[in-house]
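Source file: run34.txt (compact mmCIF, C-alpha atoms)
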# COMPACT_ATOMS: atom_id res chain seq x y z
CA MET Q 4 58.39 83.75 60.12
CA SER Q 5 54.43 88.71 57.51
CA PRO Q 6 53.05 91.13 59.80
CA LYS Q 7 53.63 88.67 62.68
CA ILE Q 8 57.07 88.42 64.22
CA PRO Q 9 58.37 86.31 67.08
CA LEU Q 10 58.34 88.84 69.90
CA PRO Q 11 60.55 86.67 72.15
CA LEU Q 12 63.37 87.42 69.74
CA LEU Q 13 63.11 91.06 70.72
CA LEU Q 14 63.91 89.98 74.24
CA GLY Q 15 66.64 87.49 73.55
CA LEU Q 16 65.03 84.10 73.14
CA GLY Q 17 66.51 81.81 70.54
CA LEU Q 18 64.43 80.14 67.87
CA GLY Q 19 64.48 76.44 67.43
CA ALA Q 20 61.80 74.68 65.57
CA SER Q 21 60.18 72.13 67.82
CA SER Q 22 59.99 68.99 65.83
CA LEU Q 23 57.44 66.31 66.40
CA ALA Q 24 55.85 65.04 63.21
CA ALA Q 25 54.17 61.74 62.57
CA PRO Q 26 53.03 58.80 60.44
CA PRO Q 27 50.62 58.62 57.48
CA PHE Q 28 47.19 60.12 57.95
CA GLU Q 29 43.60 59.81 56.72
CA ARG Q 30 41.19 62.20 55.12
CA VAL Q 31 39.63 64.22 57.91
CA ARG Q 32 38.83 67.84 58.61
CA SER Q 33 41.22 69.51 61.06
CA ARG Q 34 40.86 73.17 61.97
CA GLY Q 35 39.57 74.04 58.52
CA ALA Q 36 42.16 72.10 56.51
CA PHE Q 37 41.81 68.82 54.62
CA VAL Q 38 44.45 66.16 55.10
CA ALA Q 39 45.31 63.71 52.36
CA PRO Q 40 44.09 60.12 52.34
CA ARG Q 41 46.43 57.41 53.62
CA GLY Q 42 49.04 56.46 51.08
CA ARG Q 43 48.87 59.72 49.14
CA SER Q 44 51.21 62.67 49.42
CA ALA Q 45 50.05 66.26 49.75
CA ALA Q 46 52.09 68.97 48.07
CA LEU Q 47 52.60 72.19 49.93
CA PRO Q 48 51.07 75.22 48.26
CA LEU Q 49 53.56 77.65 46.77
CA PRO Q 50 54.40 80.66 48.92
CA SER Q 51 52.46 83.76 48.01
CA THR Q 52 52.30 87.33 49.17
CA THR Q 53 48.63 87.08 50.10
CA GLY Q 54 47.79 83.57 51.26
CA ARG Q 55 48.92 81.70 54.34
CA PRO Q 56 48.54 78.02 53.37
CA ARG Q 57 47.88 75.46 56.10
CA PRO Q 58 49.45 72.03 55.72
CA PRO Q 59 47.35 68.90 56.10
CA ARG Q 60 47.21 67.86 59.73
CA ARG Q 61 45.39 65.84 62.29
CA PRO Q 62 46.03 66.05 66.04
CA ARG Q 63 47.29 63.09 67.96
CA PRO Q 64 47.34 62.75 71.73
CA SER Q 65 50.06 64.61 73.60
CA PRO Q 66 52.99 62.44 74.66
CA SER Q 67 52.66 60.91 78.09
CA SER Q 68 55.21 61.55 80.80
CA LEU Q 69 58.03 59.12 81.30
CA SER Q 70 58.25 57.28 84.59
CA GLU Q 71 59.60 59.20 87.53
CA SER Q 72 63.24 58.86 88.50
CA ALA Q 73 64.27 55.52 89.90
CA ALA Q 74 66.85 57.21 92.07
CA GLY Q 75 64.31 58.30 94.63
CA GLY Q 76 64.55 61.47 96.65
CA ALA Q 77 62.30 64.50 96.83
CA GLU Q 78 60.89 65.82 93.59
CA PRO Q 79 62.22 69.28 92.76
CA THR Q 80 59.88 72.06 93.77
CA ARG Q 81 58.25 73.69 90.76
CA SER Q 82 56.99 77.23 90.97
CA ARG Q 83 53.58 77.82 89.47
CA PRO Q 84 52.73 80.36 86.74
CA ARG Q 85 51.73 83.74 88.09
CA SER Q 86 48.14 84.33 89.12
CA GLY Q 87 46.07 87.11 90.61
CA PRO Q 88 44.06 90.08 89.28
CA LEU Q 89 46.95 91.92 87.63
CA GLN Q 90 48.19 88.78 85.86
CA THR Q 91 44.64 88.08 84.70
CA LEU Q 92 44.41 91.57 83.22
CA LEU Q 93 47.74 91.10 81.44
CA ASP Q 94 46.66 87.76 80.02
CA LEU Q 95 43.37 89.25 78.82
CA ALA Q 96 45.20 92.11 77.11
CA LEU Q 97 47.55 89.70 75.36
CA SER Q 98 44.62 87.62 74.07
CA SER Q 99 42.74 90.67 72.82
CA PRO Q 100 42.74 92.41 69.41
CA LEU Q 101 45.15 94.93 70.96
CA TRP Q 102 47.82 92.25 70.90
CA THR Q 103 46.97 90.97 67.42
CA TYR Q 104 46.50 94.26 65.61
CA VAL Q 105 48.72 96.69 67.52
CA LEU Q 106 51.49 95.03 69.52
CA VAL Q 107 52.35 92.23 67.11
CA PRO Q 108 52.85 94.48 64.06
CA ARG Q 109 54.86 96.85 66.24
CA ALA Q 110 56.97 93.96 67.47
CA ARG Q 111 57.62 92.87 63.91
CA ALA Q 112 58.58 96.39 62.85
CA THR Q 113 61.00 96.60 65.78
CA MET Q 114 62.58 93.25 64.89
CA VAL Q 115 63.00 94.20 61.24
CA SER Q 116 64.51 97.56 62.18
CA THR Q 117 66.87 95.80 64.63
CA ALA Q 118 68.04 93.53 61.83
CA GLU Q 119 68.43 96.30 59.28
CA ALA Q 120 70.17 98.59 61.80
CA ASN Q 121 72.72 95.86 62.40
CA GLY Q 122 73.43 95.22 58.73
CA VAL Q 123 71.03 92.29 58.19
CA PRO Q 124 69.11 92.93 54.91
CA TRP Q 125 65.86 91.42 56.19
CA ILE Q 126 63.46 92.77 53.56
CA ALA Q 127 65.68 92.19 50.52
CA ALA Q 128 66.75 88.71 51.65
CA ARG Q 129 63.20 87.60 52.40
CA GLU Q 130 61.93 88.70 49.00
CA TRP Q 131 64.90 87.08 47.26
CA LEU Q 132 64.21 83.76 48.97
CA ARG Q 133 60.47 83.91 48.29
CA GLY Q 134 61.13 84.63 44.62
CA ALA Q 135 63.84 81.98 44.36
CA MET Q 136 61.51 79.33 45.74
CA ARG Q 137 58.76 80.25 43.28
CA ALA Q 138 61.16 80.33 40.35
CA ASP Q 139 62.74 77.06 41.41
CA GLY Q 140 59.41 75.26 41.64
CA ALA Q 141 59.92 74.51 45.32
CA ALA Q 142 57.21 73.30 47.66
CA SER Q 143 56.27 70.41 45.41
CA ARG Q 144 57.63 67.83 47.84
CA GLU Q 145 55.48 65.81 50.18
CA GLY Q 146 54.00 67.86 53.02
CA GLY Q 147 51.50 65.52 54.67
CA ALA Q 148 51.87 64.79 58.35
CA GLU Q 149 50.02 64.27 61.59
CA TYR Q 150 50.77 66.66 64.44
CA PRO Q 151 50.46 66.52 68.22
CA GLU Q 152 47.79 68.80 69.60
CA TYR Q 153 50.27 71.05 71.38
CA TYR Q 154 52.05 71.80 68.10
CA LEU Q 155 48.90 73.35 66.62
CA ARG Q 156 49.00 76.28 69.03
CA PRO Q 157 50.30 79.66 67.85
CA PHE Q 158 54.05 80.15 68.27
CA HIS Q 159 56.23 83.25 67.98
CA ALA Q 160 53.22 85.48 67.34
CA TYR Q 161 52.25 83.49 64.24
CA PRO Q 162 48.66 82.20 64.50
CA GLU Q 163 49.75 79.05 62.64
CA GLY Q 164 53.01 78.68 64.52
CA ASN Q 165 55.69 76.91 62.52
CA LEU Q 166 53.13 75.61 60.02
CA CYS Q 167 53.26 78.55 57.62
CA TRP Q 168 55.54 80.09 55.00
CA ASP Q 169 56.10 83.28 56.98
CA ALA Q 170 57.76 81.40 59.84
CA ALA Q 171 59.92 79.37 57.45
CA LEU Q 172 61.02 82.25 55.23
CA GLU Q 173 61.97 84.41 58.20
CA GLN Q 174 63.48 81.91 60.61
CA GLU Q 175 67.10 82.48 59.62
CA LEU Q 176 66.51 86.23 59.36
CA ALA Q 177 65.15 86.25 62.89
CA GLY Q 178 68.13 84.18 63.99
CA ARG Q 179 70.48 86.88 62.72
CA ALA Q 180 68.49 89.50 64.62
CA VAL Q 181 68.62 87.37 67.79
CA GLY Q 182 72.38 87.13 67.48
CA ALA Q 183 72.66 90.90 67.10
CA ARG Q 184 70.67 91.31 70.32
CA ASN Q 185 72.72 88.78 72.29
CA PHE Q 186 76.06 90.09 70.99
CA PRO Q 187 75.35 93.68 69.92
CA ALA Q 188 79.02 94.59 69.60
CA ASN Q 189 79.21 92.13 66.69
CA GLY Q 190 76.34 93.67 64.71
CA SER Q 191 75.27 91.52 61.75
CA GLU Q 192 77.81 88.89 62.84
CA GLY Q 193 76.18 88.59 66.26
CA GLU Q 194 74.58 85.25 65.42
CA ASP Q 195 77.99 83.80 64.62
CA ALA Q 196 79.18 84.98 68.04
CA PHE Q 197 76.00 83.59 69.64
CA ARG Q 198 76.33 80.15 68.06
CA GLY Q 199 80.08 80.26 68.58
CA ALA Q 200 79.49 80.70 72.31
CA PHE Q 201 77.58 77.40 72.36
CA ASP Q 202 80.28 75.74 70.25
CA ARG Q 203 82.99 76.78 72.71
CA ALA Q 204 80.99 75.66 75.71
CA LEU Q 205 80.26 72.27 74.14
CA ASP Q 206 83.92 71.84 73.24
CA GLU Q 207 84.92 72.66 76.82
CA LEU Q 208 82.44 70.03 78.01
CA GLY Q 209 84.06 67.40 75.79
CA ALA Q 210 81.70 67.26 72.81
CA SER Q 211 82.95 64.58 70.43
CA ILE Q 212 81.75 62.19 67.73
CA ASP Q 213 84.51 59.64 68.40
CA CYS Q 214 82.59 56.95 70.23
CA GLY Q 215 83.77 53.90 68.21
CA GLY Q 216 81.82 50.92 66.92
CA ALA Q 217 81.06 47.42 68.09
CA GLY Q 218 84.12 45.44 69.07
CA GLY Q 219 86.29 48.54 68.81
CA LYS Q 220 85.81 48.72 65.03
CA PRO Q 221 85.41 52.11 63.32
CA ALA Q 222 81.77 53.12 63.04
CA GLU Q 223 79.97 55.54 60.77
CA LYS Q 224 79.94 58.98 62.38
CA VAL Q 225 76.39 60.30 62.11
CA ILE Q 226 75.11 63.45 63.83
CA VAL Q 227 71.35 63.91 64.12
CA ASP Q 228 70.11 67.49 64.56
CA PHE Q 229 66.77 67.41 66.40
CA GLY Q 230 64.53 70.39 65.58
CA CYS Q 231 66.75 71.56 62.73
CA GLY Q 232 64.37 74.25 61.43
CA THR Q 233 65.58 75.40 58.02
CA GLY Q 234 68.97 73.81 58.57
CA THR Q 235 71.14 76.57 60.04
CA SER Q 236 72.41 74.34 62.84
CA ALA Q 237 72.78 71.27 60.61
CA ARG Q 238 74.91 73.21 58.14
CA ARG Q 239 77.00 74.58 60.99
CA LEU Q 240 77.51 71.08 62.40
CA ALA Q 241 78.76 69.96 58.98
CA GLY Q 242 81.35 72.72 59.02
CA ARG Q 243 82.41 71.99 62.59
CA TYR Q 244 82.74 68.25 62.10
CA PRO Q 245 84.39 67.55 58.73
CA GLY Q 246 85.00 63.98 59.92
CA ALA Q 247 81.27 63.28 60.22
CA ASP Q 248 79.89 60.94 57.58
CA ASN Q 249 76.34 62.33 57.67
CA ILE Q 250 74.41 65.14 59.36
CA VAL Q 251 70.68 64.42 59.45
CA GLY Q 252 68.36 67.29 60.38
CA ILE Q 253 64.83 66.41 61.48
CA ASP Q 254 61.99 68.88 61.96
CA LEU Q 255 58.22 68.75 62.12
CA SER Q 256 57.40 71.68 59.86
CA PRO Q 257 57.25 70.84 56.14
CA TYR Q 258 57.64 74.56 55.47
CA PHE Q 259 60.92 74.77 57.37
CA ILE Q 260 62.26 71.65 55.69
CA GLU Q 261 61.24 72.93 52.25
CA VAL Q 262 63.02 76.24 52.77
CA GLY Q 263 66.08 74.44 54.12
CA LYS Q 264 66.26 72.09 51.14
CA THR Q 265 65.86 75.01 48.78
CA LEU Q 266 68.78 76.85 50.37
CA LEU Q 267 70.94 73.74 50.07
CA ASP Q 268 69.92 73.32 46.42
CA LEU Q 269 70.56 76.97 45.55
CA ALA Q 270 73.77 77.28 47.64
CA PRO Q 271 73.54 81.09 47.53
CA SER Q 272 76.34 83.51 48.29
CA ALA Q 273 76.00 85.97 51.14
CA PHE Q 274 74.68 89.44 50.31
CA ASP Q 275 78.02 91.02 51.20
CA ASP Q 276 79.76 88.73 48.69
CA THR Q 277 77.50 89.80 45.80
CA LYS Q 278 77.95 93.55 46.10
CA GLY Q 279 79.23 95.02 42.86
CA SER Q 280 78.48 91.88 40.86
CA ASP Q 281 76.03 91.53 37.98
CA ASP Q 282 73.71 89.56 40.26
CA PRO Q 283 73.44 91.48 43.55
CA HIS Q 284 71.27 88.83 45.16
CA GLY Q 285 72.00 86.32 47.83
CA TRP Q 286 71.10 85.09 51.28
CA ILE Q 287 72.07 86.53 54.66
CA THR Q 288 74.87 83.98 54.89
CA ALA Q 289 76.67 81.90 52.30
CA VAL Q 290 75.27 78.36 52.07
CA ASP Q 291 77.89 75.82 51.08
CA PRO Q 292 76.55 72.70 49.31
CA ASP Q 293 77.40 69.60 51.32
CA PRO Q 294 76.17 66.15 50.26
CA ARG Q 295 76.51 64.94 53.85
CA VAL Q 296 73.63 67.18 55.02
CA GLU Q 297 70.14 65.70 54.77
CA LEU Q 298 66.99 67.47 55.99
CA ARG Q 299 63.87 65.42 56.58
CA GLN Q 300 60.44 65.94 58.05
CA GLY Q 301 59.98 63.65 61.01
CA ASP Q 302 59.19 63.08 64.64
CA ILE Q 303 62.13 63.67 66.95
CA ALA Q 304 60.38 61.67 69.67
CA ARG Q 305 59.90 58.73 67.26
CA THR Q 306 62.57 58.98 64.59
CA GLY Q 307 62.32 55.41 63.33
CA LEU Q 308 66.12 55.20 63.34
CA PRO Q 309 67.70 51.97 64.64
CA SER Q 310 68.83 51.82 68.24
CA ASN Q 311 72.52 52.44 68.98
CA CYS Q 312 73.28 53.87 65.54
CA VAL Q 313 74.48 57.51 65.78
CA ALA Q 314 77.44 59.29 67.33
CA ALA Q 315 75.73 62.47 68.53
CA VAL Q 316 72.31 64.11 68.82
CA ASN Q 317 72.08 67.90 68.83
CA LEU Q 318 69.18 69.80 70.48
CA GLY Q 319 69.65 73.51 69.87
CA LEU Q 320 67.08 75.91 71.37
CA VAL Q 321 64.24 73.41 71.03
CA LEU Q 322 63.33 72.24 74.53
CA HIS Q 323 61.78 75.55 75.64
CA GLU Q 324 59.18 75.10 72.89
CA LEU Q 325 58.01 71.69 74.19
CA PRO Q 326 55.78 70.57 77.03
CA LEU Q 327 57.86 68.86 79.71
CA SER Q 328 56.48 65.40 78.90
CA ALA Q 329 57.44 65.80 75.23
CA ALA Q 330 60.91 67.06 76.18
CA LYS Q 331 61.44 63.91 78.26
CA GLU Q 332 60.38 61.72 75.36
CA VAL Q 333 62.76 63.53 73.04
CA ALA Q 334 65.65 62.99 75.48
CA ALA Q 335 64.73 59.29 75.73
CA GLU Q 336 64.67 58.96 71.92
CA ALA Q 337 68.07 60.61 71.73
CA ARG Q 338 69.49 58.07 74.15
CA ARG Q 339 67.89 55.17 72.28
CA ILE Q 340 69.48 56.03 68.91
CA LEU Q 341 72.89 56.96 70.34
CA ARG Q 342 75.60 54.35 70.23
CA PRO Q 343 77.28 53.41 73.52
CA GLY Q 344 79.59 56.31 74.31
CA GLY Q 345 77.55 58.63 72.06
CA GLN Q 346 76.60 62.11 73.21
CA LEU Q 347 73.54 64.32 73.52
CA TRP Q 348 74.31 68.03 73.05
CA ILE Q 349 71.85 70.61 74.38
CA SER Q 350 71.98 74.40 73.91
CA GLU Q 351 69.23 76.26 75.75
CA MET Q 352 67.93 79.22 77.72
CA ASP Q 353 68.92 79.16 81.37
CA PHE Q 354 66.20 80.38 83.72
CA GLU Q 355 68.59 79.89 86.62
CA SER Q 356 70.83 82.63 85.21
CA PRO Q 357 70.45 86.05 86.84
CA ALA Q 358 69.37 87.65 83.53
CA TYR Q 359 66.47 85.32 82.80
CA ARG Q 360 65.55 85.00 86.46
CA ALA Q 361 65.13 88.78 86.66
CA GLN Q 362 63.18 88.78 83.41
CA ARG Q 363 60.78 86.21 84.77
CA GLU Q 364 60.22 88.26 87.88
CA ASN Q 365 59.01 91.13 85.70
CA ALA Q 366 55.31 90.30 85.30
CA LEU Q 367 54.74 92.42 82.18
CA LEU Q 368 57.91 91.34 80.40
CA PHE Q 369 57.44 87.65 81.07
CA SER Q 370 53.76 87.82 80.14
CA LEU Q 371 54.81 89.14 76.73
CA LEU Q 372 57.19 86.23 76.38
CA ARG Q 373 54.61 83.67 77.48
CA ALA Q 374 52.10 85.08 75.00
CA THR Q 375 54.23 83.84 72.09
CA GLU Q 376 55.96 80.87 73.73
CA PRO Q 377 53.09 78.77 75.12
CA TYR Q 378 55.29 76.29 77.00
CA LEU Q 379 57.83 78.72 78.40
CA ASP Q 380 56.42 78.64 81.92
CA GLU Q 381 56.43 74.85 81.89
CA TYR Q 382 59.99 74.83 80.63
CA ALA Q 383 61.15 77.36 83.24
CA ASP Q 384 59.43 75.46 86.05
CA GLY Q 385 60.65 72.08 84.84
CA VAL Q 386 64.31 72.66 83.98
CA ARG Q 387 65.59 70.88 87.08
CA GLU Q 388 63.21 67.98 86.62
CA LEU Q 389 64.26 67.60 82.99
CA ARG Q 390 67.93 67.76 83.94
CA GLU Q 391 67.43 65.04 86.54
CA CYS Q 392 65.56 62.94 83.99
CA ILE Q 393 68.55 63.24 81.66
CA ALA Q 394 70.90 62.34 84.53
CA GLU Q 395 68.86 59.17 85.06
CA MET Q 396 69.18 58.19 81.39
CA PHE Q 397 72.88 58.97 80.81
CA ASP Q 398 76.11 57.98 82.52
CA GLU Q 399 77.77 61.41 82.45
CA VAL Q 400 76.16 64.86 82.42
CA ARG Q 401 78.17 68.08 82.18
CA ILE Q 402 76.72 71.59 81.96
CA ALA Q 403 78.28 75.05 81.55
CA SER Q 404 77.18 78.59 80.80
CA ALA Q 405 77.49 79.58 77.13
CA THR Q 406 76.31 83.20 77.32
CA GLY Q 407 75.07 85.33 80.17
CA ARG Q 408 71.66 83.69 79.86
CA HIS Q 409 72.17 80.36 78.04
CA TYR Q 410 73.77 77.02 78.90
CA ALA Q 411 75.30 74.09 77.03
CA LEU Q 412 75.03 70.48 78.18
CA VAL Q 413 76.79 67.27 77.15
CA ALA Q 414 75.33 63.92 78.25
CA VAL Q 415 77.21 60.69 77.48
CA LYS Q 416 75.48 57.36 77.01
CA GLY Q 417 77.02 54.48 78.94
CA THR Q 418 79.24 52.03 77.11
CA ASP Q 419 77.04 49.10 78.21
CA GLY Q 420 74.39 50.37 75.76
CA GLY Q 421 71.57 48.99 77.90
CA ASN Q 422 68.15 50.55 77.42
CA GLU Q 423 66.15 48.59 79.97
CA GLY Q 424 65.83 48.53 83.73
CA PRO Q 425 66.50 51.07 86.48
CA ARG Q 426 69.67 53.08 86.27
CA LYS Q 427 71.89 54.90 88.71
CA TRP Q 428 71.75 58.66 88.32
CA ALA Q 429 74.76 60.32 86.76
CA ARG Q 430 76.36 63.01 88.87
CA ILE Q 431 75.72 66.37 87.20
CA ASP Q 432 78.96 68.29 86.74
CA ASP Q 433 77.57 71.85 86.83
CA ARG Q 434 80.07 74.55 85.90
CA ARG Q 435 77.68 77.48 85.33
CA PHE Q 436 78.46 79.36 88.53
CA LEU Q 437 81.73 80.64 89.99
CA PRO Q 438 82.78 79.75 93.56
CA ASP Q 439 81.34 83.07 94.78
CA GLY Q 440 77.93 82.20 93.29
CA GLU Q 441 78.16 84.57 90.32
CA TYR Q 442 77.15 83.32 86.88
CA ALA Q 443 80.31 82.39 84.99
CA ILE Q 444 79.63 84.59 81.94
CA GLU Q 445 78.54 88.22 81.88
CA ASP Q 446 75.29 89.05 80.12
CA THR Q 447 75.80 91.20 77.00
CA HIS Q 448 72.20 91.21 75.77
CA LEU Q 449 70.54 94.42 74.61
CA LYS Q 450 67.80 95.93 76.74
CA PRO Q 451 64.28 95.18 75.40
CA TRP Q 452 63.83 98.72 74.11
CA GLU Q 453 67.20 98.86 72.29
CA SER Q 454 67.74 97.89 68.65
CA LYS Q 455 71.49 98.51 68.45
CA GLN Q 456 74.38 99.01 70.81
CA ASN Q 457 75.26 102.67 71.26
CA SER Q 458 78.75 103.42 70.01

With the file now loaded, output its structure as structure tokens.
Amino acid sequence: MSPKIPLPLLLGLGLGASSLAAPPFERVRSRGAFVAPRGRSAALPLPSTTGRPRPPRRPRPSPSSLSESAAGGAEPTRSRPRSGPLQTLLDLALSSPLWTYVLVPRARATMVSTAEANGVPWIAAREWLRGAMRADGAASREGGAEYPEYYLRPFHAYPEGNLCWDAALEQELAGRAVGARNFPANGSEGEDAFRGAFDRALDELGASIDCGGAGGKPAEKVIVDFGCGTGTSARRLAGRYPGADNIVGIDLSPYFIEVGKTLLDLAPSAFDDTKGSDDPHGWITAVDPDPRVELRQGDIARTGLPSNCVAAVNLGLVLHELPLSAAKEVAAEARRILRPGGQLWISEMDFESPAYRAQRENALLFSLLRATEPYLDEYADGVRELRECIAEMFDEVRIASATGRHYALVAVKGTDGGNEGPRKWARIDDRRFLPDGEYAIEDTHLKPWESKQNS
């Protein structure tokens, strides 16, 4: 992720690479970049300290909305984004050079200092990875793709969003900083606590890859990680599910996939494990080589995988980066490729939690978030609608709080395996709130102005 840093991370949002790529493309001009002719691959330029290469791309129409629920009933009320003179002034300020040349660099400096203060060697790790990729001849793999128009917008304070080396090189670094902010008492291990909170919640909700095959015969246990980024979640899934036959990570960004493949190829030790050795280099975490893990560039709304073929689909911190219509299509694709009895796992921000609800009511704070997360308002307004859409598609839906501001969800595909016709809504088993109405888990997140928990 250079002088631009995902400001939402300062305030506790997770990063998940939204992942909608596409088919072959033709030679056209798109926002100043050439795309390769059909049938030819386009190699990604090598990372450099000065350039910010743009991959070949051509917009395609945004995904259309799925049909409304067949269950009937009133459509959930959706609040509208803020308006009025003060909001207009805020939006103007955040689209001005003040944002680009003052606030963004300051945000990056704060994020880097948060990481370093919590024992995450941001600067050293980033330069090691950049150098390792150059020395290893990485970025020579195919990088041509067609992208939906919404994906071409800036994300996380990067003008080129996820389509640049900065975002790819820094994604896992930013993830460590996010974890330190969500679980400050854990310092550099905060991300492990953060991801562990989702793991525990999913386990409590009955996450499993044991859905059997046709006629009760054993079936290959495949987990597909939608929006895998550089592979942090896919690698973690491999460790959590040693009985899985394959873990396939799919992401739109060729930069993220390239960095992820490089880390798997290099299998570096963690920095802490290299101290005192002749080669004091390494990554922020140890990367264990695992032949079961495959990372590929692809469209998570149109994977091309056969129907009824995988045991589980994981969606970790991806949905808040998608328009609502695209999120619905992604959920529908997950259901299509799941075997009967297979499960969809979702880990996400919860704007019905007191912490995020209060944050959204703060006009300045939420405007800063919206400035780097272009679909955050749509996600926040549409969470109930998306949940009901999932309940229409799946036979069982269970949801629980994972942290003081995030939830986990498990949706189970019916054993009939049918993909056509109207369906009866699943009852949503919602365990996020206690009987007295309090959120089930206390919020431990740092305040926006803090970089480390005071001892």

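For the set Q:Asp202, Q:Glu173, Q:Glu445, Q:Asp228, the residue with the smallest atom-to-atom gap to Ala358 (chain Q) is Q:Glu445, counting only C-alpha atoms.
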
Neighbourhood query: residues within 9 Å of (76.4, 81.4, 72.9), file coordinates, counting all atoms listed in the file; return as number ranges by chain. Q: 182, 185-186, 194-204, 350, 404-411

One decimal, in Å: what's the spacing between CA of Ala330 (chain Q) and CA of Asp353 (chain Q)? 15.4 Å

Shortest interatomic distance to Leu166 (chain Q) - which of Q:Gly190, Q:Pro343, Q:Gly232, Q:Gly307, counting all atoms listed in the file: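 Of Q:Gly190, Q:Pro343, Q:Gly232, Q:Gly307, the one nearest Leu166 (chain Q) is Q:Gly232, counting all atoms listed in the file.
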
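Relative to CA of Pro187 (chain Q), CA of Thr235 (chain Q) is found at 20.2 Å.
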
Can you tell me, as a VMD selection string, what residues are no more than 7 Å from Pro257 (chain Q) when counting only C-alpha atoms, ignoring any on the same chain fewer than 2 positions away? chain Q and resid 146 255 259 to 261 300

For CA of Cys214 (chain Q) and CA of Cys312 (chain Q), quote the distance in Å rounded to one decimal.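 Result for CA of Cys214 (chain Q) versus CA of Cys312 (chain Q): 10.9 Å, one decimal.
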
Quick one: residues within 6 Å of region 114-128 of chain Q, only C-alpha atoms, excluding same-chain residues fewer than 6 positions away - as number ranges by chain? Q: 180, 190-191, 286, 454

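For the residues Q:Trp131, Q:Tyr161, Q:Tyr154, Q:Phe354, ranking by smallest atom-to-atom distance to Arg111 (chain Q) using all atoms listed in the file places Q:Tyr161 first.
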
Using all atoms listed in the file, which of Q:Lys331, Q:Arg238, Q:Arg363, Q:His323 sits nearest Glu391 (chain Q)?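 Checking each candidate against Glu391 (chain Q), we get Q:Lys331 as the closest.
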
Nearest to Glu130 (chain Q), restricted to all atoms listed in the file and choosing among Q:Pro326, Q:Gly285, Q:Gly215, Q:Pro377, comes out as Q:Gly285

Around the point (65.1, 67.8, 58.1), in the coordinates given by the file, pick out the residues reaching within 12 Å, counting all atoms listed in the file, and return them as a VMD selection string. chain Q and resid 20 to 24 227 to 238 250 to 265 267 296 to 303 306

So, with all atoms listed in the file as the atoms that count, which of Q:Ala273, Q:Val321, Q:Ala374, Q:Leu266 lies closest to Ala160 (chain Q)?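 Closest candidate: Q:Ala374.
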